[in-house]
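What follows is a short report on a single structure.
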Amino acid sequence: GDLLAELDASALQDSLVEQQIRVQNSEAAFIRARETLEVTKNKSESDISLADLEYRFAIEDLGQYREGKYKQELMEAVSKIQLAREELVVASNRLVWSEKLHDENYLSKSDRDADKLALNRADLDVILAEEDKKLLENFTHKRQIAQLESDVDQKKQALARAKLEATADLVQGEAELKAKEAEWRQQQSREKKIIEQIAKTKIVAPRDGLVVYATSAKASWR
């Protein structure tokens, strides 16, 4: 167990210091990759959840328009037509009486003309109300349905993309983590080998006895 000889280990000591730095750096990279993977998982879950929510909202908006808003708008258009027609009838009856009263000199010409103007206005309101209904049925409704259906399709594709991107990011993050872990283990292994080499620079006696140092002075090859 006595120390017999010690080889120069200065170069190995320098290598050990450098290797310890590499171990620390690789460990830091491994920890960073592990934390990055967790962030990626959370972000992926959040992105998928948001995309799924927007997709479901788009479906609900389409159903709400078909079953609710459009029917309400159509009923309002029909009611507007009915009201305009009723006002047209009232204006027409009023003009009939105005004509009679004017013919009998009980109503001035300006009042009769005002009733004529009211009748024309009521007739125009009926036409406009009917045109609004046609516009709603033939153009506005179809365009709105197409837009909402497109929104549903776009949100569905966005959800699929979010899932694919999440899968790709997770695969990449896991691969990066494994690579950093492997690099860290490799650097640790190299550090261990250097430490073992440094330990071997000290030569100790294997057993009790006398140590004889050979020299080249006045000695044969024997």
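Ligands are numbered from 1 in the order shown, residues from 1 within each chain, and chains are lettered A, B, ... in the order they appear in the structure tokens.
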
Contact residues around Ile59 (chain A) with only C-alpha atoms at 10 Å, ignoring same-chain residues under 6 positions, as a VMD selection string
chain A and resid 53 148 to 149 151 to 153 155 to 156

Write the residues of the preceding selection, restricted to all heavy atoms, as a PDB file, in the first residue's frame.
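Heads up, here's the output in selection.pdb:
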ATOM      1  N   LEU A  53     -61.850  24.781 -29.296  1.00  0.00           N
ATOM      2  CA  LEU A  53     -62.908  25.688 -28.851  1.00  0.00           C
ATOM      3  C   LEU A  53     -63.412  26.541 -30.008  1.00  0.00           C
ATOM      4  O   LEU A  53     -64.633  26.717 -30.182  1.00  0.00           O
ATOM      5  CB  LEU A  53     -62.376  26.581 -27.730  1.00  0.00           C
ATOM      6  CG  LEU A  53     -63.383  27.534 -27.069  1.00  0.00           C
ATOM      7  CD1 LEU A  53     -64.474  26.737 -26.373  1.00  0.00           C
ATOM      8  CD2 LEU A  53     -62.678  28.451 -26.084  1.00  0.00           C
ATOM      9  N   LEU A 148     -70.233  30.993 -43.025  1.00  0.00           N
ATOM     10  CA  LEU A 148     -70.189  30.228 -41.777  1.00  0.00           C
ATOM     11  C   LEU A 148     -69.687  28.811 -42.014  1.00  0.00           C
ATOM     12  O   LEU A 148     -68.940  28.264 -41.190  1.00  0.00           O
ATOM     13  CB  LEU A 148     -71.575  30.209 -41.131  1.00  0.00           C
ATOM     14  CG  LEU A 148     -72.065  31.563 -40.591  1.00  0.00           C
ATOM     15  CD1 LEU A 148     -73.514  31.462 -40.146  1.00  0.00           C
ATOM     16  CD2 LEU A 148     -71.183  32.050 -39.445  1.00  0.00           C
ATOM     17  N   GLU A 149     -70.093  28.208 -43.124  1.00  0.00           N
ATOM     18  CA  GLU A 149     -69.589  26.870 -43.447  1.00  0.00           C
ATOM     19  C   GLU A 149     -68.090  26.910 -43.730  1.00  0.00           C
ATOM     20  O   GLU A 149     -67.353  25.988 -43.349  1.00  0.00           O
ATOM     21  CB  GLU A 149     -70.342  26.310 -44.654  1.00  0.00           C
ATOM     22  CG  GLU A 149     -71.777  25.917 -44.340  1.00  0.00           C
ATOM     23  CD  GLU A 149     -72.509  25.418 -45.577  1.00  0.00           C
ATOM     24  OE1 GLU A 149     -72.020  25.666 -46.699  1.00  0.00           O
ATOM     25  OE2 GLU A 149     -73.584  24.781 -45.419  1.00  0.00           O
ATOM     26  N   ASP A 151     -66.062  29.066 -42.370  1.00  0.00           N
ATOM     27  CA  ASP A 151     -65.445  29.241 -41.051  1.00  0.00           C
ATOM     28  C   ASP A 151     -65.306  27.899 -40.331  1.00  0.00           C
ATOM     29  O   ASP A 151     -64.273  27.625 -39.700  1.00  0.00           O
ATOM     30  CB  ASP A 151     -66.274  30.205 -40.200  1.00  0.00           C
ATOM     31  CG  ASP A 151     -66.195  31.633 -40.722  1.00  0.00           C
ATOM     32  OD1 ASP A 151     -65.266  31.927 -41.509  1.00  0.00           O
ATOM     33  OD2 ASP A 151     -67.065  32.453 -40.346  1.00  0.00           O
ATOM     34  N   VAL A 152     -66.336  27.074 -40.429  1.00  0.00           N
ATOM     35  CA  VAL A 152     -66.282  25.753 -39.800  1.00  0.00           C
ATOM     36  C   VAL A 152     -65.159  24.923 -40.408  1.00  0.00           C
ATOM     37  O   VAL A 152     -64.371  24.287 -39.697  1.00  0.00           O
ATOM     38  CB  VAL A 152     -67.636  25.015 -39.962  1.00  0.00           C
ATOM     39  CG1 VAL A 152     -67.513  23.561 -39.513  1.00  0.00           C
ATOM     40  CG2 VAL A 152     -68.709  25.716 -39.148  1.00  0.00           C
ATOM     41  N   ASP A 153     -65.066  24.947 -41.739  1.00  0.00           N
ATOM     42  CA  ASP A 153     -64.021  24.181 -42.421  1.00  0.00           C
ATOM     43  C   ASP A 153     -62.634  24.697 -42.060  1.00  0.00           C
ATOM     44  O   ASP A 153     -61.712  23.908 -41.813  1.00  0.00           O
ATOM     45  CB  ASP A 153     -64.239  24.259 -43.932  1.00  0.00           C
ATOM     46  CG  ASP A 153     -63.258  23.384 -44.691  1.00  0.00           C
ATOM     47  OD1 ASP A 153     -63.265  22.160 -44.474  1.00  0.00           O
ATOM     48  OD2 ASP A 153     -62.470  23.922 -45.501  1.00  0.00           O
ATOM     49  N   LYS A 155     -61.732  26.334 -39.322  1.00  0.00           N
ATOM     50  CA  LYS A 155     -61.429  26.012 -37.922  1.00  0.00           C
ATOM     51  C   LYS A 155     -61.112  24.528 -37.752  1.00  0.00           C
ATOM     52  O   LYS A 155     -60.274  24.154 -36.925  1.00  0.00           O
ATOM     53  CB  LYS A 155     -62.607  26.396 -37.031  1.00  0.00           C
ATOM     54  CG  LYS A 155     -62.919  27.888 -37.031  1.00  0.00           C
ATOM     55  CD  LYS A 155     -61.734  28.724 -36.625  1.00  0.00           C
ATOM     56  CE  LYS A 155     -62.088  30.212 -36.613  1.00  0.00           C
ATOM     57  NZ  LYS A 155     -60.915  31.063 -36.281  1.00  0.00           N
ATOM     58  N   LYS A 156     -61.782  23.689 -38.538  1.00  0.00           N
ATOM     59  CA  LYS A 156     -61.502  22.257 -38.492  1.00  0.00           C
ATOM     60  C   LYS A 156     -60.074  21.986 -38.963  1.00  0.00           C
ATOM     61  O   LYS A 156     -59.334  21.200 -38.352  1.00  0.00           O
ATOM     62  CB  LYS A 156     -62.504  21.505 -39.360  1.00  0.00           C
ATOM     63  CG  LYS A 156     -62.343  19.995 -39.328  1.00  0.00           C
ATOM     64  CD  LYS A 156     -63.399  19.320 -40.187  1.00  0.00           C
ATOM     65  CE  LYS A 156     -63.241  17.798 -40.147  1.00  0.00           C
ATOM     66  NZ  LYS A 156     -64.280  17.131 -40.974  1.00  0.00           N
TER      67      LYS A 156
END

Fewer than 5 positions away in the same chain doesn't count, so skip those; otherwise give me all residues within 10 Å of Gln13 (chain A), counting only C-alpha atoms, as a PyMOL selection string.
chain A and resi 8+18-19+194-195+197-198

Could those residues be written to a file, using C-alpha atoms, as a short mmCIF file (atom, residue, chain, number, x, y, z; two decimals), in the first residue's frame?
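After the write, out-v5.cif holds the following:
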data_model
loop_
_atom_site.label_atom_id
_atom_site.label_comp_id
_atom_site.auth_asym_id
_atom_site.auth_seq_id
_atom_site.Cartn_x
_atom_site.Cartn_y
_atom_site.Cartn_z
CA ASP A 8 3.12 13.30 -13.98
CA GLU A 18 -11.97 20.97 -18.92
CA GLN A 19 -14.05 17.82 -18.82
CA ILE A 194 -9.99 10.72 -16.65
CA ILE A 195 -10.42 10.32 -12.89
CA GLN A 197 -6.46 7.57 -15.30
CA ILE A 198 -5.35 10.08 -12.66
#

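For Val90 (chain A), the list of residues within 9 Å, based on only C-alpha atoms and with local chain neighbours fewer than 5 positions off taken out, reads Arg85, Leu95 and Leu119 of chain A.
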
Under the rule that only C-alpha atoms are counted, which of A:Glu183, A:Asp61, A:Glu137, A:Glu54 is the nearest residue to Glu27 (chain A)?
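Looking at the shortest contact to Glu27 (chain A), the residue is A:Glu183.
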
Can you list, as number ranges by chain, every protein, DNA or RNA residue that comes within 12 Å of region 36-44 of chain A when you count only C-alpha atoms, leaving out same-chain residues fewer than 5 positions away?
A: 29-31, 49-51, 159, 161-178, 180

Selected residues written out with N, CA and C atoms, as an mmCIF file, in the first residue's frame:
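result.cif, freshly written:
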data_model
loop_
_atom_site.group_PDB
_atom_site.id
_atom_site.type_symbol
_atom_site.label_atom_id
_atom_site.label_comp_id
_atom_site.auth_asym_id
_atom_site.auth_seq_id
_atom_site.Cartn_x
_atom_site.Cartn_y
_atom_site.Cartn_z
ATOM 1 N N ALA A 29 -27.554 21.896 -20.481
ATOM 2 C CA ALA A 29 -28.287 21.742 -21.739
ATOM 3 C C ALA A 29 -29.389 20.697 -21.596
ATOM 4 N N PHE A 30 -29.097 19.629 -20.844
ATOM 5 C CA PHE A 30 -30.100 18.593 -20.614
ATOM 6 C C PHE A 30 -31.278 19.143 -19.812
ATOM 7 N N ILE A 31 -30.990 19.893 -18.764
ATOM 8 C CA ILE A 31 -32.055 20.476 -17.945
ATOM 9 C C ILE A 31 -32.882 21.465 -18.769
ATOM 10 N N SER A 49 -56.435 23.044 -27.401
ATOM 11 C CA SER A 49 -57.666 23.395 -26.688
ATOM 12 C C SER A 49 -58.316 24.629 -27.310
ATOM 13 N N LEU A 50 -57.507 25.633 -27.630
ATOM 14 C CA LEU A 50 -58.047 26.854 -28.235
ATOM 15 C C LEU A 50 -58.607 26.574 -29.628
ATOM 16 N N ALA A 51 -57.877 25.799 -30.414
ATOM 17 C CA ALA A 51 -58.346 25.471 -31.767
ATOM 18 C C ALA A 51 -59.637 24.660 -31.712
ATOM 19 N N LEU A 159 -57.614 23.127 -36.363
ATOM 20 C CA LEU A 159 -57.500 22.152 -35.274
ATOM 21 C C LEU A 159 -56.592 20.996 -35.679
ATOM 22 N N ARG A 161 -54.214 21.106 -37.925
ATOM 23 C CA ARG A 161 -52.834 21.613 -37.969
ATOM 24 C C ARG A 161 -52.243 21.735 -36.575
ATOM 25 N N ALA A 162 -53.052 22.196 -35.636
ATOM 26 C CA ALA A 162 -52.565 22.342 -34.259
ATOM 27 C C ALA A 162 -52.148 20.991 -33.677
ATOM 28 N N LYS A 163 -52.925 19.959 -33.988
ATOM 29 C CA LYS A 163 -52.590 18.627 -33.495
ATOM 30 C C LYS A 163 -51.310 18.104 -34.145
ATOM 31 N N LEU A 164 -51.189 18.323 -35.467
ATOM 32 C CA LEU A 164 -49.991 17.869 -36.167
ATOM 33 C C LEU A 164 -48.752 18.614 -35.674
ATOM 34 N N GLU A 165 -48.893 19.932 -35.524
ATOM 35 C CA GLU A 165 -47.762 20.721 -35.049
ATOM 36 C C GLU A 165 -47.386 20.330 -33.621
ATOM 37 N N ALA A 166 -48.382 20.060 -32.810
ATOM 38 C CA ALA A 166 -48.111 19.644 -31.433
ATOM 39 C C ALA A 166 -47.350 18.322 -31.410
ATOM 40 N N THR A 167 -47.791 17.388 -32.247
ATOM 41 C CA THR A 167 -47.106 16.092 -32.323
ATOM 42 C C THR A 167 -45.670 16.260 -32.790
ATOM 43 N N ALA A 168 -45.478 17.080 -33.826
ATOM 44 C CA ALA A 168 -44.130 17.307 -34.352
ATOM 45 C C ALA A 168 -43.240 17.982 -33.319
ATOM 46 N N ASP A 169 -43.789 18.979 -32.624
ATOM 47 C CA ASP A 169 -43.001 19.685 -31.604
ATOM 48 C C ASP A 169 -42.630 18.760 -30.456
ATOM 49 N N LEU A 170 -43.566 17.897 -30.061
ATOM 50 C CA LEU A 170 -43.281 16.976 -28.965
ATOM 51 C C LEU A 170 -42.230 15.949 -29.377
ATOM 52 N N VAL A 171 -42.347 15.435 -30.601
ATOM 53 C CA VAL A 171 -41.354 14.472 -31.086
ATOM 54 C C VAL A 171 -39.974 15.114 -31.129
ATOM 55 N N GLN A 172 -39.922 16.334 -31.645
ATOM 56 C CA GLN A 172 -38.645 17.040 -31.721
ATOM 57 C C GLN A 172 -38.097 17.330 -30.329
ATOM 58 N N GLY A 173 -38.975 17.761 -29.416
ATOM 59 C CA GLY A 173 -38.536 18.052 -28.055
ATOM 60 C C GLY A 173 -38.038 16.816 -27.333
ATOM 61 N N GLU A 174 -38.729 15.694 -27.513
ATOM 62 C CA GLU A 174 -38.291 14.449 -26.880
ATOM 63 C C GLU A 174 -36.971 13.967 -27.466
ATOM 64 N N ALA A 175 -36.816 14.117 -28.787
ATOM 65 C CA ALA A 175 -35.550 13.729 -29.421
ATOM 66 C C ALA A 175 -34.411 14.607 -28.923
ATOM 67 N N GLU A 176 -34.690 15.913 -28.788
ATOM 68 C CA GLU A 176 -33.676 16.829 -28.279
ATOM 69 C C GLU A 176 -33.301 16.478 -26.840
ATOM 70 N N LEU A 177 -34.301 16.123 -26.048
ATOM 71 C CA LEU A 177 -34.031 15.757 -24.660
ATOM 72 C C LEU A 177 -33.169 14.500 -24.582
ATOM 73 N N LYS A 178 -33.490 13.486 -25.383
ATOM 74 C CA LYS A 178 -32.698 12.258 -25.394
ATOM 75 C C LYS A 178 -31.269 12.523 -25.839
ATOM 76 N N LYS A 180 -29.583 15.371 -25.574
ATOM 77 C CA LYS A 180 -28.874 16.102 -24.516
ATOM 78 C C LYS A 180 -28.556 15.188 -23.342
#

Which neighbours of Ala118 (chain A) fall inside 12 Å, counting only C-alpha atoms, when residues of the same chain fewer than 4 positions from it are skipped, and could you give them as a PyMOL selection string?
chain A and resi 84+87-95+98+111-114+122-125

Please, could you write that set of residues out with C-alpha atoms as an mmCIF file, in the first residue's frame?
data_model
loop_
_atom_site.group_PDB
_atom_site.id
_atom_site.type_symbol
_atom_site.label_atom_id
_atom_site.label_comp_id
_atom_site.auth_asym_id
_atom_site.auth_seq_id
_atom_site.Cartn_x
_atom_site.Cartn_y
_atom_site.Cartn_z
ATOM 1 C CA ALA A 84 -96.589 47.718 -45.272
ATOM 2 C CA GLU A 87 -100.630 50.610 -44.303
ATOM 3 C CA LEU A 88 -101.158 50.586 -48.080
ATOM 4 C CA VAL A 89 -104.782 49.537 -47.597
ATOM 5 C CA VAL A 90 -105.278 52.279 -45.009
ATOM 6 C CA ALA A 91 -103.689 54.865 -47.298
ATOM 7 C CA SER A 92 -105.805 53.690 -50.230
ATOM 8 C CA ASN A 93 -109.029 53.954 -48.219
ATOM 9 C CA ARG A 94 -108.009 57.338 -46.929
ATOM 10 C CA LEU A 95 -107.429 58.584 -50.479
ATOM 11 C CA SER A 98 -110.247 62.340 -49.643
ATOM 12 C CA ASP A 111 -104.812 67.705 -48.356
ATOM 13 C CA ARG A 112 -105.987 65.369 -51.104
ATOM 14 C CA ASP A 113 -102.532 65.523 -52.740
ATOM 15 C CA ALA A 114 -100.942 64.731 -49.365
ATOM 16 C CA ALA A 122 -97.084 53.155 -48.734
ATOM 17 C CA ASP A 123 -96.999 51.405 -52.107
ATOM 18 C CA LEU A 124 -93.241 51.988 -52.309
ATOM 19 C CA ASP A 125 -92.793 50.631 -48.773
#

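Of the listed residues (A:Ala214, A:Leu136, A:Ile81, A:Leu101), A:Leu136 comes nearest to Lys69 (chain A); the distances count only C-alpha atoms.
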
Atom-to-atom span, CA of Val126 (chain A) and CA of Leu83 (chain A), Å
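Distance between the two atoms: 8.4 Å.
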
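Put simply, CA of Gln187 (chain A) is 7.4 Å away from CA of Ser26 (chain A).
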